[in-house]
Amino acid sequence: MAEHPTTSWQAMQDGNVFYRQQRFYTLDGKLPSIGDCVVAGCRNGGPLAFMRDTSKMIAIATATPMFAKSQVQVYSSAGEGLLLLSWDQAKIIRFGWTGDERLVILNEEGVYRLYDLQGDYVQFSLGTDAGEVGITDARIHENGLVAMTGSLQLLEVKGWEGGKPLVLANPNLSEPPTVWTLIPPDLTISRHVEVLLAVETSVLSVDNLEAADQRLSRGPFTHMAPSPNGKSLALLTMTGILWVILANFQRNLAEFDTTTVAGAESPVRQVEWCGNDAILVTWDTFVLLVGPFGDTLHFFYAGPTFAVTEVDGVRVLGADTCDFIQKVPESSVSVFRPGSTSPSAILFDAWENFHKRSPKADESIRSIKPDLAAAVDEVIAAAAQEWEPTWQRKLLSAANFGKSFLDLYNPNDFVNMGKTLKVLNAVRQFEVGMPITHFQYNYLSPTHLISRLTSRNLHLLALNISSFLSLSPDHVLKHWASAKISKSKPVVSSTGQDAEVIGDEEVSRAIVEKFEKLGGASVSYAEIAKKAWEVGRTRLATMLLDHEPRASDQVPLLLMMMEDRLALQKAVDSGDTDLVYHVLLQLYKRLRLGDFFRLIEDGGSSLAPASRLLQVYAREQNPEMLRDFYYSDDRRVESAVLNLEEARRMKASNQLFFLDPAAKITSIKAAQKFFSEDKERSFEAKMMDEYGRLLTFQQALEKEATDRIEFFGLSVDDTIKKCLLNGMSKRADKLKSDFKVPDKRFWFLKLHALTAMRDFEGLETFSRSKRSPIGYEAFVRHLVEKGHAKEAVSFVQRCDANKRVDLYVECGEWVMAGKECKERGDRARLEKLRASCPNSLIARELDQIESTMK
């Protein structure tokens, strides 16, 4: 039967405060000799790292585990070996733990590694400058480290992502401090790390802005330790005085002379905090707990110990035991303190009497009826503080007994506590070796606890806890899949290649089935596939990626794996144009141009959308690439069209609005060449040939013109017209002949040009040069349209007789129109003219003409 909780209690402050020493595990020599090793412990029930202290001589024939100088051994608090590291770098200066149970090892060259509990690591450096001067010491906290260089400068690393170190303020040290420590950023007011250096009789406080001397006179100091909340500081002087002050050095809190303690003969090994209100001082076989008012408690061990400060106590490892010393929580004191009359103690007593079938149970319940709800809550809280499941069950049973007398009570706290204690009891088993308290559990969160379990490859336990607490199993499944990939090997068969294929299929099937069974829908297969690729199993990675529903996660990894065609195919199948462009541009940068185009061409219809998108992009951003693409795919028509588009957009390099004649002619000739190579494009080839000849002719015209006249780029009609306008009629005739311009079009062009020049004599001469192929009505109408009605009259007589009357009217010659009617004997038409004439004067003249008609 488990001992009563008060068995391990010891009183302080005249019996008002109690501390207890709980035995977590019996180690039986599982750990190396603590006195011969340098030890670093991870908080919140985490593992411990051991390394041989090379400054000490050790006996070879010992019962404890031994390892070489270049090894670091990691154990759980229960003494179970978790990891053995062989160090192959420069001398180790310091090692410690991060908040997520990764071991940080820093060497004298400024190189530090972060190891997980599987032995995998990432490596970073403090920089070349730190490597040159060397690292002499360091302090590591959960979210970073501070290193001291050979030049006595301080470098801070924030986080564990390998960021650039920050140089703290120069403390101007002439020699290394006797001892130093730091207060993490999350515990300081400034939210920056604060380094405390013990120098001579004082302490320097250094941050990123300044180094301040606190002007103390009680040093030199041999030990310094900040409290878990960062508000207090414990210092041990050379004379053995334990001095406790505020972390801002503004007030003394307590003093204690350790030299007066019986049995404290060897040098002090550690000064650690037990919670925030007591300090633990350790010697080789003796541990002293000093309370806030100078009260002390003594604990004896068979050999040297190592203490790890926790947020609610201190974990002490000896040669044979792992203990936890803490201040007894108020809820436990209220329930179990001898003679306690608190409602919670009465409730627990009532429950015990109820089991004894004593009538005192009802009497006790009635006496605390007004405070029964608070008593139930306190009993539940007390259950959380007990290590033994027997007493947890008793306290929860008492709480259940008490709440049955309450009409209105929310049972959520009771239910949640039952679940929490089951989880804590599971991880406290020595096989797991994680002695985490309820306070630490709440401080970390259940998710963090599950992460710690997965980091130790305890996936089944982590999955069960996730299911029990209704948490997502995704993180556990992801870690399990990564671990399975790392440790699984291909099945051996007749051929090595086939063996690997079989092994990959089995692993892929197992992972997919597990995910589907346990509902890991939000787990990214791409992340797991990346792990498979990193360990050299490309086929397995590809098989896993087939199950990834998000193409945006699939494609980047496929590109990393050099699965170019598959990456492009997945991007096309997703319908995401941005993703397709991403793949195309990545491949364009990485592959040779011929290989890039061949990849797209060989894809056929399945990669046709990618081909079209590439053409759209290249047409706007990289025409040269599009030209190469068409050429490689033997697309002659598209190449010709591209040359035409370039010719259309081409500008001279030194002028904004004028074309570059030579370049444009070259593009047109190239288009003609591409068209001529396609039998079905003979018409287009002919047109390009004529257009090229036209551009060449226009270039010659510009050279002949005395003034700066622009011909280049005009059409044949516009070129002829411009020649006529500028007195180059012979060149216009040659254009007509060379490009077989029809007579009708040429006459129209010359008519318009001469009219624009107001060369009416030339127009008359031109009209009589031969019979007009466009007739003379066009002359009349164009001249009238351009406002030259008077000059148009002379051409009316050459027009058809039945149109002359209307043409005279258009020219404004109403009288001549009347005479034309008289000559034709058309009285009816004359009368219509009389009715529609613009004024009476013209009407009178028309009447006279009509009167002379027979």
# chains A, B, ... in the order shown; residues from 1 in each chain; ligands from 1
call {"tool": "residues_around", "arguments": {"residues": "stretch 443-458 of chain A", "least_positions_apart": "6", "cutoff": "8 Å", "atoms": "only C-alpha atoms", "output": "ChimeraX atom specification"}}
result
/A:82,100-101,116-118,465-466,475-476,479-480,483
call {"tool": "select_by_dssp", "arguments": {"residues": "stretch 510-636 of chain A", "states": "alpha helix (DSSP H)", "output": "NGL selection string"}}
result
:A and (510-518 or 525-534 or 538-545 or 551-560 or 564-574 or 577-590 or 593-602 or 608-621 or 623-632 or 636)
call {"tool": "closest_residue", "arguments": {"among": "A:Glu310, A:Val580, A:Ser151, A:Phe95", "to": "A:Ser227", "atoms": "only C-alpha atoms"}}
result
A:Glu310
call {"tool": "atom_distance", "arguments": {"atom1": "atom CA of A:Ile34", "atom2": "atom CA of A:Val146"}}
result
25.3 Å
call {"tool": "residues_around", "arguments": {"residues": "stretch 707-724 of chain A", "least_positions_apart": "6", "cutoff": "12 Å", "atoms": "only C-alpha atoms", "output": "ChimeraX atom specification"}}
result
/A:647-651,657-662,664-665,668,690-701,730-742,744-757,759,762-763
call {"tool": "residues_around", "arguments": {"residues": "stretch 381-389 of chain A", "least_positions_apart": "5", "cutoff": "8 Å", "atoms": "only C-alpha atoms", "output": "ChimeraX atom specification"}}
result
/A:2,5,22,329,331-332,335,395-396,417,421,425,437-438
call {"tool": "write_last_selection", "arguments": {"atoms": "N, CA, C and O atoms", "output": "compact mmCIF listing (two decimals), in the first residue's frame"}}
result
# COMPACT_ATOMS: atom_id res chain seq x y z
N ALA A 2 0.48 2.25 -0.77
CA ALA A 2 1.26 3.48 -0.87
C ALA A 2 1.28 4.21 0.45
O ALA A 2 0.29 4.22 1.20
N PRO A 5 0.63 10.59 2.02
CA PRO A 5 1.36 11.72 1.43
C PRO A 5 2.20 12.50 2.41
O PRO A 5 3.26 13.05 2.06
N GLN A 22 9.84 13.77 -2.96
CA GLN A 22 9.15 12.65 -3.59
C GLN A 22 10.14 11.80 -4.38
O GLN A 22 10.94 12.33 -5.16
N PRO A 329 2.04 21.93 -2.14
CA PRO A 329 1.01 22.86 -2.60
C PRO A 329 -0.06 23.09 -1.53
O PRO A 329 -0.33 22.24 -0.69
N SER A 331 -3.23 23.16 -1.71
CA SER A 331 -4.36 22.24 -1.74
C SER A 331 -4.04 20.95 -0.98
O SER A 331 -4.87 20.43 -0.23
N SER A 332 -2.81 20.45 -1.15
CA SER A 332 -2.41 19.25 -0.42
C SER A 332 -2.32 19.51 1.08
O SER A 332 -2.73 18.68 1.90
N VAL A 335 -5.75 19.57 2.63
CA VAL A 335 -6.42 18.27 2.76
C VAL A 335 -5.72 17.38 3.78
O VAL A 335 -6.37 16.76 4.63
N LEU A 395 -8.50 10.76 -3.74
CA LEU A 395 -8.91 12.16 -3.74
C LEU A 395 -10.02 12.43 -4.76
O LEU A 395 -10.97 13.16 -4.48
N LEU A 396 -9.90 11.82 -5.94
CA LEU A 396 -10.95 12.01 -6.94
C LEU A 396 -12.25 11.35 -6.50
O LEU A 396 -13.35 11.87 -6.76
N MET A 417 -9.60 16.55 -14.98
CA MET A 417 -8.52 16.14 -14.09
C MET A 417 -8.28 14.63 -14.18
O MET A 417 -7.13 14.17 -14.15
N LEU A 421 -4.64 13.16 -15.24
CA LEU A 421 -3.87 12.27 -14.38
C LEU A 421 -3.55 10.95 -15.08
O LEU A 421 -2.48 10.37 -14.88
N ASN A 425 0.26 9.79 -15.48
CA ASN A 425 0.69 8.49 -14.99
C ASN A 425 1.33 7.65 -16.09
O ASN A 425 2.27 6.89 -15.86
N THR A 437 5.25 17.10 -13.55
CA THR A 437 4.19 17.40 -12.57
C THR A 437 3.00 18.02 -13.27
O THR A 437 3.07 18.42 -14.45
N HIS A 438 1.91 18.11 -12.54
CA HIS A 438 0.70 18.70 -13.11
C HIS A 438 0.94 20.17 -13.47
O HIS A 438 0.47 20.65 -14.51
call {"tool": "residues_around", "arguments": {"residues": "A:Ala130", "least_positions_apart": "6", "cutoff": "10 Å", "atoms": "only C-alpha atoms", "output": "list in words"}}
result
Glu108, Glu109, Gly110, Val111, Ala147, Met148, Thr149, Gly150, Ser151, Gln153, Leu155 and Pro165 of chain A
call {"tool": "residues_around", "arguments": {"residues": "A:Gln586", "least_positions_apart": "3", "cutoff": "12 Å", "atoms": "only C-alpha atoms", "output": "NGL selection string"}}
result
:A and (555-556 or 558-560 or 562 or 564 or 567-568 or 579-583 or 589-592 or 596)
call {"tool": "closest_residue", "arguments": {"among": "A:Glu363, A:Glu761, A:Glu506, A:Glu820", "to": "A:Ile849", "atoms": "only C-alpha atoms"}}
result
A:Glu820
call {"tool": "closest_residue", "arguments": {"among": "A:Val287, A:Leu236, A:Ala169, A:Val39", "to": "A:Glu265", "atoms": "only C-alpha atoms"}}
result
A:Val287
call {"tool": "residues_around", "arguments": {"residues": "A:Pro549", "least_positions_apart": "4", "cutoff": "9 Å", "atoms": "only C-alpha atoms", "output": "ChimeraX atom specification"}}
result
/A:524-525,545,553-554
call {"tool": "write_last_selection", "arguments": {"atoms": "N, CA, C and O atoms", "output": "mmCIF file, in the first residue's frame"}}
result
data_model
loop_
_atom_site.group_PDB
_atom_site.id
_atom_site.type_symbol
_atom_site.label_atom_id
_atom_site.label_comp_id
_atom_site.auth_asym_id
_atom_site.auth_seq_id
_atom_site.Cartn_x
_atom_site.Cartn_y
_atom_site.Cartn_z
ATOM 1 N N SER A 524 0.520 16.626 -44.520
ATOM 2 C CA SER A 524 1.018 16.824 -45.874
ATOM 3 C C SER A 524 1.901 15.644 -46.284
ATOM 4 O O SER A 524 2.938 15.397 -45.676
ATOM 5 N N TYR A 525 1.458 14.911 -47.293
ATOM 6 C CA TYR A 525 2.291 13.828 -47.820
ATOM 7 C C TYR A 525 3.586 14.383 -48.411
ATOM 8 O O TYR A 525 4.597 13.672 -48.471
ATOM 9 N N LEU A 545 3.977 11.190 -52.991
ATOM 10 C CA LEU A 545 3.461 12.439 -53.563
ATOM 11 C C LEU A 545 2.194 12.210 -54.384
ATOM 12 O O LEU A 545 1.395 13.133 -54.559
ATOM 13 N N ASP A 553 1.897 21.769 -52.993
ATOM 14 C CA ASP A 553 2.869 21.092 -52.149
ATOM 15 C C ASP A 553 3.627 20.013 -52.921
ATOM 16 O O ASP A 553 4.797 19.726 -52.618
ATOM 17 N N GLN A 554 2.960 19.419 -53.888
ATOM 18 C CA GLN A 554 3.590 18.371 -54.687
ATOM 19 C C GLN A 554 4.726 18.913 -55.551
ATOM 20 O O GLN A 554 5.844 18.401 -55.550
#
call {"tool": "select_by_dssp", "arguments": {"residues": "stretch 65-191 of chain A", "states": "strand (DSSP E or B)", "output": "PyMOL selection string"}}
result
chain A and resi 71-75+81-86+92-97+103-107+111-115+121-125+135-141+144-149+154-158+166-167+179-183
